[in-house]
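To start, the structure under review is shown below, and the notes come after it.
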Amino acid sequence: MLPCTLLRCLTVMAAVNETFTATVKTVVNDGNGLVEHPSGQLFFVPGVWAEERGIFRITGFKKRHGYARLETLLEPSRHRITPPCPHHGFVAGDCGGCPWQFVDYKAQISAKQAFVERALARLAPKSVRPLWPAPDTLGYRNRAQLKTDGKSIGYVSAGSNALAPIEDCLVLSDHNRHTLQALLATLPNPAWRPARKQAWTTLDLDEDVDASGVSVNRRRPFRQANTVQNMRMRAWLGERLASMTSDGVVLELFAGAGNFTEAIVAAGSGPVLAVEGDRAALAALADARLLNVETLAADLFSDEGIEGVHRRARGATVLVLDPPREGFKGIGNLLSKKSQFGDIFYISCDLATFARDAAVCLDRGFVLKEVQPLDQFPQTPHIELLAWFSRKR
Ligand SMILES: C[S@@+](CC[C@H](N)C(=O)[O-])C[C@H]1O[C@@H](n2cnc3c(N)ncnc32)[C@H](O)[C@@H]1O
């Protein structure tokens with residue numbers, strides 16, 4: 001006898017371009033909805049919300065995953081709203097920047113909270129706090145990278161790698177919207193024609209510069225993109241450090257230009273060793289001449305870089321880290337039995353890599369005291385986490 005699911009798969013095979021009717025089971029971490037084909041195969045669908053019913057068209061398969069798009073919405077979610085931005089959408093030519101603009105903010109927040117609770121259910125279910133929503137759901141971005149081919153300016157289109165031209169961008173701060181208008185006024189701009197083998201030229205906007213200071217084909221040093229929420233992250237870290245009695249060395253990894261270094265110093269913690277791979281960011285940090293702060297340039301994704309940190313930070317008692325989305329695979333090497341770390345403050349912008357690294361910290365004898373999720377990027381599925389681990393006594 002064949003098992004039921006296999007029998008179903010053999011009798012109803014899913015094929016590209018085929019349509020089927022289904023109800024969205026849930027929304028997953030990348031922001032897509034999940035629907036089940038009559039064969040039992042699951043498909044990722046952009047632009048749908050949990051419990052919505054619709055007719056879906058299969059668009060393709062990648063590895064074991066199926067992808068589909070919404071063809072007809074039969075039963076909309078009560079959270080569905082008219083997207084505020086005319087460029088929002090999910091077909092070629094639409095902007096892919098804010099994939100959740102079609103649902104109200106309350107639903108976005110609940111979904112993010114559920115993602116965090118689900119991801120940490122086995123590790124530390126009781127330590128997850130309610131997410132801090134962003135006070136501004138539009139107009140919050142203090143920096144952004146636009147693309148241009150010299151004829152139009154935009155973002156990468158949803159569902160393709162093509163440029164989606166824009167006339168405005170509602171998530172940019174007023175200053176950056178103004179800069180965008182000034183850049184649009186220069187079109188067509190032959191100086192921005194992409195170099196050979198490049199799809200486009202990049203334009204990096206930032207609160208600190210106007211249109212004449214925009215970086216062309218050059219990334220600006222990292223900056224937390226939501227100023228208000230960044231201040232809350234700094235305050236969260238500062239309050240916890242100030243509540244601790246230790247005055248041992250604080251090792252700060254992925255320090256950037258010193259955003260959290262400033263908060264550590266203001267909290268009156270011990271001496272800080274701030275480590276960063278981007279030399280421009282590190283130079284900016286050194287220029288700030290913060291009291292009791294030493295800097296170290298290192299590639300923290302290399303064994304050599306971690307070795308160097310090990311040598312310089314022997315005896316450090318507090319670890320603060322704010323890695324990019326890749327997380328910090330080397331964390332286990334720093335937390336050997338001989339290490340003196342009593343507390344770890346892990347600021348994360350990626351739930352999956354955080355859960356991976358958190359499991360290593362727990363395995364090395366730490367407990368997860370607190371996880372504070374917060375929203376830096378309304379209208380998108382991105383989540384930031386502030387986590388505090390302490391060594392088990
Ligand atoms: C999420 S940002 C945080 C920066 C800073 N903490 C802040 O709040 O502005 C991550 C930082 O990691 C740095 N970084 C990325 N890869 C790195 C590597 N392999 N080694 C060292 N630093 C790296 C980036 O340059 C960036 O400054």
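Within each chain, counting starts at residue 1; across the structure tokens, chains are named A, B, ... in the order shown, with ligands numbered 1 upward in that order.
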(message) With only C-alpha atoms as the counted atoms, please give the residues lying no more than 6 Å from stretch 143-149 of chain A, apart from itself and same-chain residues fewer than 4 positions off, as a PyMOL selection string.
(response) chain A and resi 153-155+193-194+200-206+225
(request) Please give me, as a PyMOL selection string, the residues lying within 8 Å of ligand 1 when counting only C-alpha atoms and all ligand atoms. (result) chain A and resi 221-224+230+253-261+275-278+281+297-302+305+321-325+348-349
(message) Residues of stretch 214-358 of chain A classed as strand (DSSP E) by DSSP on the backbone are to be reported as a PyMOL selection string.
(response) chain A and resi 215-216+250-253+272-276+293-297+318-321+343-348
Create the file for the chosen residues now, containing C-alpha atoms and written as a short mmCIF file (atom, residue, chain, number, x, y, z; two decimals), in the first residue's frame.
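Now in selection01.cif:
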data_model
loop_
_atom_site.label_atom_id
_atom_site.label_comp_id
_atom_site.auth_asym_id
_atom_site.auth_seq_id
_atom_site.Cartn_x
_atom_site.Cartn_y
_atom_site.Cartn_z
CA SER A 215 27.70 58.20 -3.33
CA VAL A 216 27.80 56.85 -6.87
CA VAL A 250 34.07 45.04 26.88
CA LEU A 251 34.79 43.35 23.56
CA GLU A 252 32.62 44.87 20.84
CA LEU A 253 32.51 43.03 17.49
CA VAL A 272 36.32 48.82 25.18
CA LEU A 273 38.06 46.94 22.38
CA ALA A 274 36.01 47.73 19.25
CA VAL A 275 36.58 45.42 16.28
CA GLU A 276 35.43 46.11 12.73
CA VAL A 293 38.20 52.79 23.47
CA GLU A 294 40.80 50.91 21.44
CA THR A 295 40.09 49.79 17.91
CA LEU A 296 41.14 46.71 15.98
CA ALA A 297 40.73 46.00 12.26
CA VAL A 318 31.39 41.45 28.34
CA LEU A 319 30.81 40.68 24.66
CA VAL A 320 28.71 43.03 22.51
CA LEU A 321 28.15 42.05 18.90
CA ASP A 343 27.43 38.56 29.65
CA ILE A 344 26.75 38.74 25.92
CA PHE A 345 24.66 41.40 24.22
CA TYR A 346 23.80 40.21 20.73
CA ILE A 347 22.11 42.68 18.36
CA SER A 348 20.81 40.84 15.34
#
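Taking atom CA of A:Phe61 and atom CA of A:Val16 as endpoints, the distance between them is 8.0 Å.
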With only C-alpha atoms as the counted atoms, please give the residues lying no more than 10 Å from stretch 135-137 of chain A, apart from itself and same-chain residues fewer than 3 positions off, as a CSV table (one decimal) with N, CA and C atoms, in the first residue's frame.
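Saved as result.csv:
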chain,number,residue,atom,x,y,z
A,101,GLN,N,3.3,46.3,2.2
A,101,GLN,CA,2.4,47.5,2.2
A,101,GLN,C,0.9,47.2,2.1
A,105,TYR,N,-0.6,47.8,9.8
A,105,TYR,CA,0.6,47.7,10.6
A,105,TYR,C,0.5,46.7,11.8
A,132,TRP,N,8.8,46.0,19.9
A,132,TRP,CA,8.6,47.5,19.9
A,132,TRP,C,8.3,47.9,18.5
A,140,TYR,N,10.7,56.8,7.4
A,140,TYR,CA,11.6,56.5,8.5
A,140,TYR,C,13.1,56.3,8.0
A,141,ARG,N,13.3,56.1,6.7
A,141,ARG,CA,14.6,55.6,6.3
A,141,ARG,C,15.6,56.8,6.2
A,170,LEU,N,7.9,56.5,-0.3
A,170,LEU,CA,7.3,57.0,0.9
A,170,LEU,C,8.0,56.5,2.2
A,171,VAL,N,8.8,55.5,2.1
A,171,VAL,CA,9.5,55.1,3.4
A,171,VAL,C,10.8,56.0,3.6
A,226,ASN,N,17.0,53.4,10.7
A,226,ASN,CA,15.9,54.0,11.3
A,226,ASN,C,16.4,54.7,12.6
A,228,VAL,N,15.1,56.7,14.9
A,228,VAL,CA,14.4,56.7,16.2
A,228,VAL,C,14.6,55.3,16.9
A,229,GLN,N,14.4,54.2,16.1
A,229,GLN,CA,14.6,52.9,16.6
A,229,GLN,C,16.0,52.6,17.0
A,375,ASP,N,11.0,46.8,15.5
A,375,ASP,CA,10.8,47.0,14.1
A,375,ASP,C,11.5,48.2,13.6
A,376,GLN,N,12.5,47.9,12.8
A,376,GLN,CA,13.2,49.1,12.2
A,376,GLN,C,12.7,49.3,10.8
A,377,PHE,N,12.0,48.3,10.2
A,377,PHE,CA,11.6,48.4,8.8
A,377,PHE,C,10.2,48.1,8.6
A,378,PRO,N,9.3,49.0,9.0
A,378,PRO,CA,7.8,48.8,8.7
A,378,PRO,C,7.6,48.6,7.2
A,379,GLN,N,6.6,47.8,6.9
A,379,GLN,CA,6.2,47.5,5.5
A,379,GLN,C,7.1,46.4,4.9
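Proximity to A:Ser152 at 8 Å, evaluated using only C-alpha atoms and with sequence-adjacent residues fewer than 5 positions away removed, yields Pro165, Ile166, Leu184, Leu187 and Pro188 of chain A.
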Just-selected residues, N, CA and C atoms written as a short mmCIF file (atom, residue, chain, number, x, y, z; two decimals), in the first residue's frame:
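Printed below is selection_36.cif as written:
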data_model
loop_
_atom_site.label_atom_id
_atom_site.label_comp_id
_atom_site.auth_asym_id
_atom_site.auth_seq_id
_atom_site.Cartn_x
_atom_site.Cartn_y
_atom_site.Cartn_z
N PRO A 165 11.37 51.63 -12.02
CA PRO A 165 11.51 53.08 -11.87
C PRO A 165 10.52 53.62 -10.85
N ILE A 166 10.94 54.63 -10.08
CA ILE A 166 10.05 55.26 -9.11
C ILE A 166 10.03 56.78 -9.31
N LEU A 184 16.11 62.89 -9.57
CA LEU A 184 15.20 62.63 -10.70
C LEU A 184 15.24 63.79 -11.69
N LEU A 187 17.64 63.65 -14.72
CA LEU A 187 17.51 62.61 -15.77
C LEU A 187 17.12 63.23 -17.12
N PRO A 188 17.53 62.70 -18.24
CA PRO A 188 18.50 61.62 -18.36
C PRO A 188 19.90 62.10 -17.97
#
Could you build a table of the residues in stretch 106-154 of chain A lying no more than 10 Å from stretch 68-80 of chain A, giving for each the nearest pair of atoms and their separation in Å rounded to one decimal place, using only C-alpha atoms, ordered by chain and ascending residue number, as JSON lines?
{"residue": "A:Lys106", "atom": "CA", "partner": "A:His79", "partner_atom": "CA", "distance": 8.2}
{"residue": "A:Ala107", "atom": "CA", "partner": "A:His79", "partner_atom": "CA", "distance": 6.4}
{"residue": "A:Gln108", "atom": "CA", "partner": "A:His79", "partner_atom": "CA", "distance": 9.2}
(message) What's the separation between atom CA of A:Glu207 and atom CA of A:Phe354, in Å to one decimal place?
(response)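 Going from atom CA of A:Glu207 over to atom CA of A:Phe354 covers 29.1 Å.
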(message) Would you pick out the contacts of A:Val27 at 6 Å or less, using only C-alpha atoms, so that residues sharing its chain but fewer than 3 positions from it are not included, and give the list as an NGL selection string?
(response) :A and (32-33 or 50)
(request) Quick one: everything within 9 Å of A:Ala111, counting only C-alpha atoms, minus sequence neighbours fewer than 6 positions away in the same chain. Send it as a list in words. (result) Val27, Val28, Asn29 and Pro381 of chain A
(request) Could you tell me, as a PyMOL selection string, which residues of stretch 60-259 of chain A DSSP assigns to alpha helix (DSSP H) when given the backbone? (result) chain A and resi 105-119+174-184+227-242+259
Go ahead and dump the residues you just picked, N, CA and C atoms, as a tab-separated table (two decimals), in the first residue's frame.
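Wrote part-v4.tsv, looks like this:
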chain	number	residue	atom	x	y	z
A	105	TYR	N	-0.60	47.81	9.82
A	105	TYR	CA	0.63	47.70	10.62
A	105	TYR	C	0.46	46.74	11.79
A	106	LYS	N	-0.76	46.71	12.34
A	106	LYS	CA	-1.01	45.80	13.47
A	106	LYS	C	-0.73	44.35	13.06
A	107	ALA	N	-1.17	43.99	11.87
A	107	ALA	CA	-0.96	42.62	11.40
A	107	ALA	C	0.53	42.37	11.14
A	108	GLN	N	1.23	43.38	10.64
A	108	GLN	CA	2.68	43.23	10.40
A	108	GLN	C	3.41	42.92	11.71
A	109	ILE	N	3.04	43.68	12.75
A	109	ILE	CA	3.68	43.51	14.06
A	109	ILE	C	3.39	42.12	14.64
A	110	SER	N	2.12	41.69	14.53
A	110	SER	CA	1.77	40.36	15.08
A	110	SER	C	2.54	39.28	14.35
A	111	ALA	N	2.69	39.43	13.02
A	111	ALA	CA	3.41	38.41	12.26
A	111	ALA	C	4.88	38.37	12.69
A	112	LYS	N	5.48	39.53	12.90
A	112	LYS	CA	6.89	39.56	13.30
A	112	LYS	C	7.07	38.92	14.68
A	113	GLN	N	6.15	39.24	15.58
A	113	GLN	CA	6.23	38.65	16.92
A	113	GLN	C	6.14	37.12	16.82
A	114	ALA	N	5.22	36.67	15.96
A	114	ALA	CA	5.05	35.20	15.81
A	114	ALA	C	6.31	34.57	15.22
A	115	PHE	N	6.97	35.25	14.28
A	115	PHE	CA	8.21	34.71	13.70
A	115	PHE	C	9.24	34.48	14.81
A	116	VAL	N	9.40	35.50	15.67
A	116	VAL	CA	10.42	35.41	16.72
A	116	VAL	C	10.07	34.29	17.69
A	117	GLU	N	8.82	34.25	18.10
A	117	GLU	CA	8.43	33.22	19.08
A	117	GLU	C	8.60	31.81	18.49
A	118	ARG	N	8.27	31.69	17.19
A	118	ARG	CA	8.40	30.38	16.54
A	118	ARG	C	9.88	29.98	16.45
A	119	ALA	N	10.72	30.94	16.05
A	119	ALA	CA	12.15	30.61	15.85
A	119	ALA	C	12.84	30.27	17.16
A	174	ASP	N	11.96	62.73	4.96
A	174	ASP	CA	11.69	63.91	4.13
A	174	ASP	C	12.95	64.37	3.41
A	175	HIS	N	14.06	64.39	4.17
A	175	HIS	CA	15.33	64.85	3.58
A	175	HIS	C	15.69	63.98	2.37
A	176	ASN	N	15.58	62.65	2.53
A	176	ASN	CA	15.97	61.76	1.43
A	176	ASN	C	14.97	61.79	0.27
A	177	ARG	N	13.70	62.06	0.58
A	177	ARG	CA	12.71	62.19	-0.52
A	177	ARG	C	13.05	63.42	-1.36
A	178	HIS	N	13.49	64.45	-0.67
A	178	HIS	CA	13.88	65.69	-1.33
A	178	HIS	C	15.10	65.43	-2.23
A	179	THR	N	16.06	64.68	-1.68
A	179	THR	CA	17.26	64.33	-2.46
A	179	THR	C	16.85	63.53	-3.71
A	180	LEU	N	15.92	62.58	-3.52
A	180	LEU	CA	15.46	61.77	-4.65
A	180	LEU	C	14.89	62.67	-5.74
A	181	GLN	N	14.08	63.64	-5.34
A	181	GLN	CA	13.48	64.53	-6.36
A	181	GLN	C	14.57	65.30	-7.11
A	182	ALA	N	15.60	65.73	-6.38
A	182	ALA	CA	16.70	66.47	-7.02
A	182	ALA	C	17.45	65.56	-8.00
A	183	LEU	N	17.60	64.27	-7.65
A	183	LEU	CA	18.28	63.33	-8.55
A	183	LEU	C	17.42	63.06	-9.79
A	184	LEU	N	16.11	62.89	-9.57
A	184	LEU	CA	15.20	62.63	-10.70
A	184	LEU	C	15.24	63.79	-11.69
A	227	THR	N	16.44	56.05	12.51
A	227	THR	CA	17.10	56.83	13.57
A	227	THR	C	16.40	56.65	14.92
A	228	VAL	N	15.09	56.73	14.95
A	228	VAL	CA	14.36	56.65	16.22
A	228	VAL	C	14.55	55.28	16.86
A	229	GLN	N	14.41	54.22	16.06
A	229	GLN	CA	14.56	52.88	16.61
A	229	GLN	C	16.01	52.60	17.00
A	230	ASN	N	16.95	53.21	16.31
A	230	ASN	CA	18.35	53.04	16.70
A	230	ASN	C	18.59	53.65	18.08
A	231	MET	N	17.98	54.80	18.34
A	231	MET	CA	18.16	55.41	19.67
A	231	MET	C	17.61	54.48	20.76
A	232	ARG	N	16.52	53.79	20.44
A	232	ARG	CA	15.95	52.85	21.43
A	232	ARG	C	16.88	51.65	21.63
A	233	MET	N	17.52	51.21	20.57
A	233	MET	CA	18.45	50.08	20.71
A	233	MET	C	19.64	50.49	21.57
A	234	ARG	N	20.14	51.70	21.33
A	234	ARG	CA	21.28	52.18	22.13
A	234	ARG	C	20.88	52.31	23.60
A	235	ALA	N	19.67	52.82	23.83
A	235	ALA	CA	19.21	52.99	25.21
A	235	ALA	C	19.08	51.63	25.89
A	236	TRP	N	18.53	50.66	25.16
A	236	TRP	CA	18.35	49.30	25.72
A	236	TRP	C	19.71	48.76	26.19
A	237	LEU	N	20.72	48.89	25.32
A	237	LEU	CA	22.04	48.37	25.66
A	237	LEU	C	22.64	49.15	26.83
A	238	GLY	N	22.56	50.49	26.75
A	238	GLY	CA	23.15	51.35	27.78
A	238	GLY	C	22.56	51.07	29.16
A	239	GLU	N	21.23	50.90	29.21
A	239	GLU	CA	20.58	50.66	30.52
A	239	GLU	C	21.07	49.35	31.14
A	240	ARG	N	21.19	48.33	30.31
A	240	ARG	CA	21.61	47.03	30.87
A	240	ARG	C	23.08	47.05	31.30
A	241	LEU	N	23.91	47.69	30.51
A	241	LEU	CA	25.32	47.77	30.89
A	241	LEU	C	25.47	48.59	32.17
A	242	ALA	N	24.71	49.67	32.28
A	242	ALA	CA	24.82	50.53	33.46
A	242	ALA	C	24.36	49.81	34.72
A	259	ASN	N	28.51	53.27	16.58
A	259	ASN	CA	27.14	53.54	17.05
A	259	ASN	C	26.90	53.01	18.46
(request) Would you work out the distance separating atom CA of A:Glu370 from atom CA of A:Arg129, expressed in Å to one decimal? (result)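 Calculated distance between atom CA of A:Glu370 and atom CA of A:Arg129 is 7.2 Å.
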(message) Env of A:Thr353: 9 Å cut, atoms = only C-alpha atoms, seq-sep filter 6 positions within chain, self excluded. Answer as a ChimeraX atom specification.
(response) /A:325-329
Filtering to C-alpha atoms, could you give me those residues as a PDB file, in the first residue's frame?
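What follows is the written file part.pdb:
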ATOM      1  CA  ARG A 325      22.796  39.079   8.398  1.00  0.00           C
ATOM      2  CA  GLU A 326      25.276  36.206   8.190  1.00  0.00           C
ATOM      3  CA  GLY A 327      25.475  36.267  11.990  1.00  0.00           C
ATOM      4  CA  PHE A 328      28.743  35.239  13.671  1.00  0.00           C
ATOM      5  CA  LYS A 329      29.675  31.606  13.101  1.00  0.00           C
TER       6      LYS A 329
END
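Comparing the minimum interatomic distances between A:Ala358 and each of A:Arg122, A:His37, A:His310, A:Lys62, counting only C-alpha atoms, we find that A:Arg122 sits nearest.
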